[in-house]
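Engineer: Quick one: structure below, then a few questions.
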Amino acid sequence: MDLSHFPPIAERLIAWQKQHGRHDLPWQNTTDPYAIWVSEIMLQQTQVAAVIGYYQKFMQRFPTIASLAAASQEDVMQHWSGLGYYSRARNLHKAAQIMMAEHQGVFPRDFEAIQALPGIGRSTAAAISSFAFGLPQPILDGNVKRVFARYFLVDGWPGQPSVEKKLWQIAERMQPQTAMGTYAQALMDLGATVCVRSRPRCANCPLQEDCGALSMDRVSELPASKPRKTIPEKTVQMLVMTHGNRVLLQKRPDSGIWGGLWSLPELELGQDSQAWGKQTMGLDGHAPASLMRLTHVFTHFKLHITANHMPVAALPLQAQEPGWHWMPLDVAIDAALPVPVRKILQALAAQQHGAASAKQRQLALV
DNA sequence: AAGCCGGGGAT
DNA sequence: ATCCCAGGCTT
């Protein structure tokens, strides 16, 4: 690829960053590789605004590699609950334990060693290397892909391997050998605040004089968007079994959707709740009551959930199956749950609270 | 190369 | 309703 007719951009970007970039995010103004690592993992496929609160709580609870490595998976997952892509949390936890066992509890400084840790790919390893250690490794996240696709007129969807390969080559060619952290931050900040997806602010861009897409009037069509397919839809029934103030939850396996989180038992749509409770748990449930319906959209499918509430009067011993847990409702709501499950339990809590208040009012009248 | 893995912000 | 976000891992 011939990039010779493009002037170097690093110096302009670095100068722009010092004046117009972001400087006060919670994970900036530190060279602690642990803090930078945690932020980079949280920021994978997740916007800055969504991360800030999670980051602060996570760092307060797990301030060091050692504290994270020593924590239970349950504790780690609880601090990730709601953020999505839960393999990130499991890999973060696992990588901390690897660092304790194989790197003397110190974050490795070698680029290959960093990238070898679970959950850290080339771009994340490069970001950590630049910010924490000043290594000249190019990053290539969504922001950088957009900036380069426009500036260098790269056609095709950046998720396509052939297109991504071109973009990595550009990233390598543009990579400066000084001020690596500032340069990486400049690319991200330019993409996040100026070279945004829709209606970019080209008049404020330090690269406007020689941007390929701007000169060709192709800014709005680059980068090419992902070819979209219709996603399948699934319907499930989630059963909320309660005994007194406790609710039955099931720990999901690490692999698959919502891995490592607590969830509700799932039945097929027409499946009979009472029969299911009797067969799998040996429980006699009351007639199930419709609690709520909701639709949850994932990247690759849409899930229609019907939540039914079935109280059980007695709890025989065979109801204590491994992997299942009768959890007090107030505890369950703060556990590591998927978002729709938390919504269902909150609806149940609201309903029970309402019923309790009604009873109180009734008693007050007597 | 394509699929899997979440939840939310922006438009 | 659609796109995409400081992507990586598995098949």
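Every chain in the structure tokens has a letter given in the order shown (A, B, ...), and although residue numbers restart at 1 in each chain, ligands are simply numbered from 1 in the order shown.
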Do me a favour and pick out the residues of chain A within 7 Å of chain B, using only C-alpha atoms (C1' of nucleotides), as number ranges by chain.

Structural biologist: A: 82-85, 257, 298

Engineer: Save the residues we just selected, all heavy atoms, as an mmCIF file, in the first residue's frame?

Structural biologist:
```
data_model
loop_
_atom_site.group_PDB
_atom_site.id
_atom_site.type_symbol
_atom_site.label_atom_id
_atom_site.label_comp_id
_atom_site.auth_asym_id
_atom_site.auth_seq_id
_atom_site.Cartn_x
_atom_site.Cartn_y
_atom_site.Cartn_z
ATOM 1 N N GLY A 82 -24.275 -6.186 34.853
ATOM 2 C CA GLY A 82 -24.882 -5.072 34.144
ATOM 3 C C GLY A 82 -23.999 -4.478 33.072
ATOM 4 O O GLY A 82 -24.469 -3.736 32.210
ATOM 5 N N LEU A 83 -22.713 -4.792 33.111
ATOM 6 C CA LEU A 83 -21.779 -4.200 32.144
ATOM 7 C C LEU A 83 -21.718 -5.013 30.845
ATOM 8 O O LEU A 83 -21.362 -4.479 29.794
ATOM 9 C CB LEU A 83 -20.384 -4.097 32.767
ATOM 10 C CG LEU A 83 -19.371 -3.150 32.124
ATOM 11 C CD1 LEU A 83 -19.936 -1.746 31.955
ATOM 12 C CD2 LEU A 83 -18.087 -3.099 32.942
ATOM 13 N N GLY A 84 -22.058 -6.289 30.914
ATOM 14 C CA GLY A 84 -22.085 -7.111 29.705
ATOM 15 C C GLY A 84 -20.752 -7.750 29.365
ATOM 16 O O GLY A 84 -19.718 -7.443 29.975
ATOM 17 N N TYR A 85 -20.772 -8.642 28.387
ATOM 18 C CA TYR A 85 -19.578 -9.390 27.976
ATOM 19 C C TYR A 85 -18.837 -9.925 29.200
ATOM 20 O O TYR A 85 -17.711 -9.520 29.494
ATOM 21 C CB TYR A 85 -18.658 -8.526 27.112
ATOM 22 C CG TYR A 85 -19.148 -8.342 25.692
ATOM 23 C CD1 TYR A 85 -19.012 -7.129 25.038
ATOM 24 C CD2 TYR A 85 -19.728 -9.380 25.001
ATOM 25 C CE1 TYR A 85 -19.457 -6.958 23.731
ATOM 26 C CE2 TYR A 85 -20.171 -9.221 23.695
ATOM 27 C CZ TYR A 85 -20.037 -8.024 23.073
ATOM 28 O OH TYR A 85 -20.475 -7.873 21.788
ATOM 29 N N ILE A 257 -24.113 -17.749 27.113
ATOM 30 C CA ILE A 257 -24.691 -16.452 27.446
ATOM 31 C C ILE A 257 -24.812 -16.296 28.970
ATOM 32 O O ILE A 257 -25.121 -17.248 29.667
ATOM 33 C CB ILE A 257 -26.075 -16.331 26.750
ATOM 34 C CG1 ILE A 257 -26.481 -14.878 26.634
ATOM 35 C CG2 ILE A 257 -27.139 -17.113 27.484
ATOM 36 C CD1 ILE A 257 -25.889 -14.205 25.442
ATOM 37 N N PHE A 298 -30.077 -8.943 22.214
ATOM 38 C CA PHE A 298 -28.637 -9.185 22.206
ATOM 39 C C PHE A 298 -28.078 -8.820 20.830
ATOM 40 O O PHE A 298 -28.821 -8.450 19.928
ATOM 41 C CB PHE A 298 -28.344 -10.665 22.476
ATOM 42 C CG PHE A 298 -28.763 -11.140 23.832
ATOM 43 C CD1 PHE A 298 -30.018 -11.660 24.043
ATOM 44 C CD2 PHE A 298 -27.897 -11.052 24.902
ATOM 45 C CE1 PHE A 298 -30.403 -12.098 25.294
ATOM 46 C CE2 PHE A 298 -28.280 -11.482 26.158
ATOM 47 C CZ PHE A 298 -29.535 -12.011 26.350
#
```

Engineer: Near chain C, which residues of chain A fall within 9 Å when you count only C-alpha atoms (C1' of nucleotides), and what do they look like as a PyMOL selection string?

Structural biologist: chain A and resi 39-48+88+118-121+123-124+127+140-143+188+197+225-226

Engineer: What does the file look like for those residues with C-alpha atoms, as a short mmCIF file (atom, residue, chain, number, x, y, z; two decimals), in the first residue's frame?

Structural biologist:
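selection-v7.cif was written with the following content:
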```cif
data_model
loop_
_atom_site.label_atom_id
_atom_site.label_comp_id
_atom_site.auth_asym_id
_atom_site.auth_seq_id
_atom_site.Cartn_x
_atom_site.Cartn_y
_atom_site.Cartn_z
CA SER A 39 -10.06 0.44 32.32
CA GLU A 40 -9.08 -0.97 28.92
CA ILE A 41 -10.96 -4.22 29.54
CA MET A 42 -14.07 -2.38 30.70
CA LEU A 43 -13.87 -0.10 27.68
CA GLN A 44 -13.88 -2.98 25.19
CA GLN A 45 -17.04 -2.48 23.12
CA THR A 46 -18.35 -0.21 25.87
CA GLN A 47 -18.67 3.54 25.82
CA VAL A 48 -16.79 5.74 28.26
CA ARG A 88 -14.13 -10.02 30.27
CA PRO A 118 -6.50 -13.93 28.69
CA GLY A 119 -8.79 -11.16 27.46
CA ILE A 120 -5.93 -9.02 26.11
CA GLY A 121 -5.61 -8.90 22.34
CA SER A 123 -4.99 -3.50 20.55
CA THR A 124 -5.57 -3.72 24.30
CA ALA A 127 -2.93 0.56 24.74
CA LEU A 140 -6.55 -0.14 16.57
CA ASP A 141 -9.92 0.28 18.23
CA GLY A 142 -13.21 1.45 16.77
CA ASN A 143 -12.17 5.10 16.96
CA MET A 188 -9.03 7.74 20.54
CA ARG A 197 -19.78 8.26 13.22
CA SER A 225 -21.12 -0.25 7.93
CA LYS A 226 -21.37 -3.85 8.91
#
```

Engineer: Check range 118-339 of chain A with DSSP on the backbone and list each residue it calls helix (DSSP H, G or I), as a PyMOL selection string.

Structural biologist: chain A and resi 122-133+142-151+161-174+180-193+202-204+208-210+212-215+219-221+273-281+317-319+329-333+339

Engineer: Do you know which residues are at most 7 Å from Pro206 in chain A counting only C-alpha atoms (C1' of nucleotides), after dropping those on the same chain fewer than 2 positions away, and could you put them as a ChimeraX atom specification?

Structural biologist: /A:12-13,16,204,208

Engineer: How would the residues just chosen look if you wrote them out with all heavy atoms as a PDB file, in the first residue's frame?

Structural biologist:
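So the final result, stored in out28.pdb, reads:
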```pdb
ATOM      1  N   ARG A  12       0.866  16.317  14.405  1.00  0.00           N
ATOM      2  CA  ARG A  12      -0.351  17.135  14.471  1.00  0.00           C
ATOM      3  C   ARG A  12      -1.330  16.579  15.503  1.00  0.00           C
ATOM      4  O   ARG A  12      -1.978  17.321  16.237  1.00  0.00           O
ATOM      5  CB  ARG A  12      -1.018  17.184  13.095  1.00  0.00           C
ATOM      6  CG  ARG A  12      -0.464  18.269  12.186  1.00  0.00           C
ATOM      7  CD  ARG A  12      -1.207  18.292  10.870  1.00  0.00           C
ATOM      8  NE  ARG A  12      -0.839  17.146  10.034  1.00  0.00           N
ATOM      9  CZ  ARG A  12      -1.550  16.739   8.990  1.00  0.00           C
ATOM     10  NH1 ARG A  12      -2.673  17.351   8.675  1.00  0.00           N
ATOM     11  NH2 ARG A  12      -1.147  15.718   8.271  1.00  0.00           N
ATOM     12  N   LEU A  13      -1.442  15.243  15.531  1.00  0.00           N
ATOM     13  CA  LEU A  13      -2.372  14.633  16.485  1.00  0.00           C
ATOM     14  C   LEU A  13      -1.930  14.872  17.927  1.00  0.00           C
ATOM     15  O   LEU A  13      -2.748  15.164  18.804  1.00  0.00           O
ATOM     16  CB  LEU A  13      -2.485  13.121  16.213  1.00  0.00           C
ATOM     17  CG  LEU A  13      -3.273  12.754  14.951  1.00  0.00           C
ATOM     18  CD1 LEU A  13      -3.116  11.280  14.637  1.00  0.00           C
ATOM     19  CD2 LEU A  13      -4.746  13.117  15.130  1.00  0.00           C
ATOM     20  N   TRP A  16      -2.661  18.379  18.862  1.00  0.00           N
ATOM     21  CA  TRP A  16      -4.108  18.543  19.054  1.00  0.00           C
ATOM     22  C   TRP A  16      -4.547  17.974  20.398  1.00  0.00           C
ATOM     23  O   TRP A  16      -5.340  18.584  21.122  1.00  0.00           O
ATOM     24  CB  TRP A  16      -4.866  17.859  17.924  1.00  0.00           C
ATOM     25  CG  TRP A  16      -6.354  17.885  18.108  1.00  0.00           C
ATOM     26  CD1 TRP A  16      -7.216  18.874  17.737  1.00  0.00           C
ATOM     27  CD2 TRP A  16      -7.164  16.878  18.744  1.00  0.00           C
ATOM     28  NE1 TRP A  16      -8.513  18.554  18.086  1.00  0.00           N
ATOM     29  CE2 TRP A  16      -8.500  17.340  18.713  1.00  0.00           C
ATOM     30  CE3 TRP A  16      -6.885  15.652  19.339  1.00  0.00           C
ATOM     31  CZ2 TRP A  16      -9.562  16.591  19.246  1.00  0.00           C
ATOM     32  CZ3 TRP A  16      -7.938  14.908  19.863  1.00  0.00           C
ATOM     33  CH2 TRP A  16      -9.261  15.389  19.809  1.00  0.00           C
ATOM     34  N   ASN A 204     -13.342  21.127  12.934  1.00  0.00           N
ATOM     35  CA  ASN A 204     -12.481  21.182  14.120  1.00  0.00           C
ATOM     36  C   ASN A 204     -11.347  20.159  14.077  1.00  0.00           C
ATOM     37  O   ASN A 204     -10.672  19.957  15.072  1.00  0.00           O
ATOM     38  CB  ASN A 204     -13.315  20.921  15.376  1.00  0.00           C
ATOM     39  CG  ASN A 204     -14.367  21.981  15.599  1.00  0.00           C
ATOM     40  OD1 ASN A 204     -14.213  23.116  15.141  1.00  0.00           O
ATOM     41  ND2 ASN A 204     -15.442  21.624  16.266  1.00  0.00           N
ATOM     42  N   GLN A 208      -7.967  17.985   8.719  1.00  0.00           N
ATOM     43  CA  GLN A 208      -8.944  18.330   7.679  1.00  0.00           C
ATOM     44  C   GLN A 208      -8.292  18.714   6.353  1.00  0.00           C
ATOM     45  O   GLN A 208      -8.888  18.489   5.287  1.00  0.00           O
ATOM     46  CB  GLN A 208      -9.855  19.456   8.156  1.00  0.00           C
ATOM     47  CG  GLN A 208      -9.118  20.737   8.528  1.00  0.00           C
ATOM     48  CD  GLN A 208     -10.081  21.820   9.027  1.00  0.00           C
ATOM     49  OE1 GLN A 208     -10.821  22.387   8.252  1.00  0.00           O
ATOM     50  NE2 GLN A 208     -10.072  22.069  10.319  1.00  0.00           N
TER      51      GLN A 208
END
```

Engineer: DSSP on the backbone: which residues in range 50-267 of chain A end up as strand (DSSP E)? Give the answer as a ChimeraX atom specification.

Structural biologist: /A:233-243,246-251,262-263,266-267

Engineer: Please measure the separation of CA of Ser263 in chain A and CA of Trp324 in chain A, giving the value in Å to one decimal.

Structural biologist: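 Going from CA of Ser263 in chain A over to CA of Trp324 in chain A, I get 9.7 Å.
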
Engineer: What is the CA of Val51 in chain A-CA of Val339 in chain A distance in Å, reported with one decimal?

Structural biologist: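 Rounded to one decimal, the two atoms are 15.8 Å apart.
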
Engineer: Using Å and a single decimal, report how far CA of Arg150 in chain A sits from CA of Cys211 in chain A.

Structural biologist: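 Computing the Euclidean distance for CA of Cys211 in chain A and CA of Arg150 in chain A yields 6.9 Å.
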
Engineer: Could you give me, as a PyMOL selection string, the residues within 7 Å of Val247 in chain A, counting only C-alpha atoms (C1' of nucleotides) and dropping anything in the same chain fewer than 6 positions from it?

Structural biologist: chain A and resi 240-241+326-329

Engineer: Can you list, as a PDB file with C-alpha atoms, in the first residue's frame, every protein, DNA or RNA residue that comes within 12 Å of Pro176 in chain A when you count only C-alpha atoms (C1' of nucleotides), leaving out same-chain residues fewer than 4 positions away?

Structural biologist:
```pdb
ATOM      1  CA  PRO A   8       2.855  12.346   8.692  1.00  0.00           C
ATOM      2  CA  ILE A   9       0.002  12.828  11.116  1.00  0.00           C
ATOM      3  CA  ALA A  10       1.484  11.925  14.508  1.00  0.00           C
ATOM      4  CA  GLU A  11       2.889  15.365  15.324  1.00  0.00           C
ATOM      5  CA  ARG A  12      -0.351  17.135  14.471  1.00  0.00           C
ATOM      6  CA  LEU A  13      -2.372  14.633  16.485  1.00  0.00           C
ATOM      7  CA  ILE A  14      -0.112  14.942  19.516  1.00  0.00           C
ATOM      8  CA  SER A 130       1.656   2.864  25.433  1.00  0.00           C
ATOM      9  CA  GLY A 134       5.681   4.061  26.742  1.00  0.00           C
ATOM     10  CA  LEU A 135       6.172   1.275  24.217  1.00  0.00           C
ATOM     11  CA  PRO A 136       5.639   2.229  20.533  1.00  0.00           C
ATOM     12  CA  GLN A 137       2.889  -0.290  19.784  1.00  0.00           C
ATOM     13  CA  PRO A 138      -0.002   0.845  17.560  1.00  0.00           C
ATOM     14  CA  ILE A 139      -3.576   0.585  18.826  1.00  0.00           C
ATOM     15  CA  ALA A 171      -1.364   1.921  12.097  1.00  0.00           C
ATOM     16  CA  GLU A 172       2.143   0.474  12.005  1.00  0.00           C
ATOM     17  CA  MET A 180       3.358   7.116  22.466  1.00  0.00           C
ATOM     18  CA  GLY A 181       0.755   7.543  25.182  1.00  0.00           C
ATOM     19  CA  THR A 182      -0.260  10.986  23.978  1.00  0.00           C
ATOM     20  CA  TYR A 183      -0.472   9.742  20.402  1.00  0.00           C
ATOM     21  CA  ALA A 184      -2.682   6.772  21.306  1.00  0.00           C
TER      22      ALA A 184
END
```
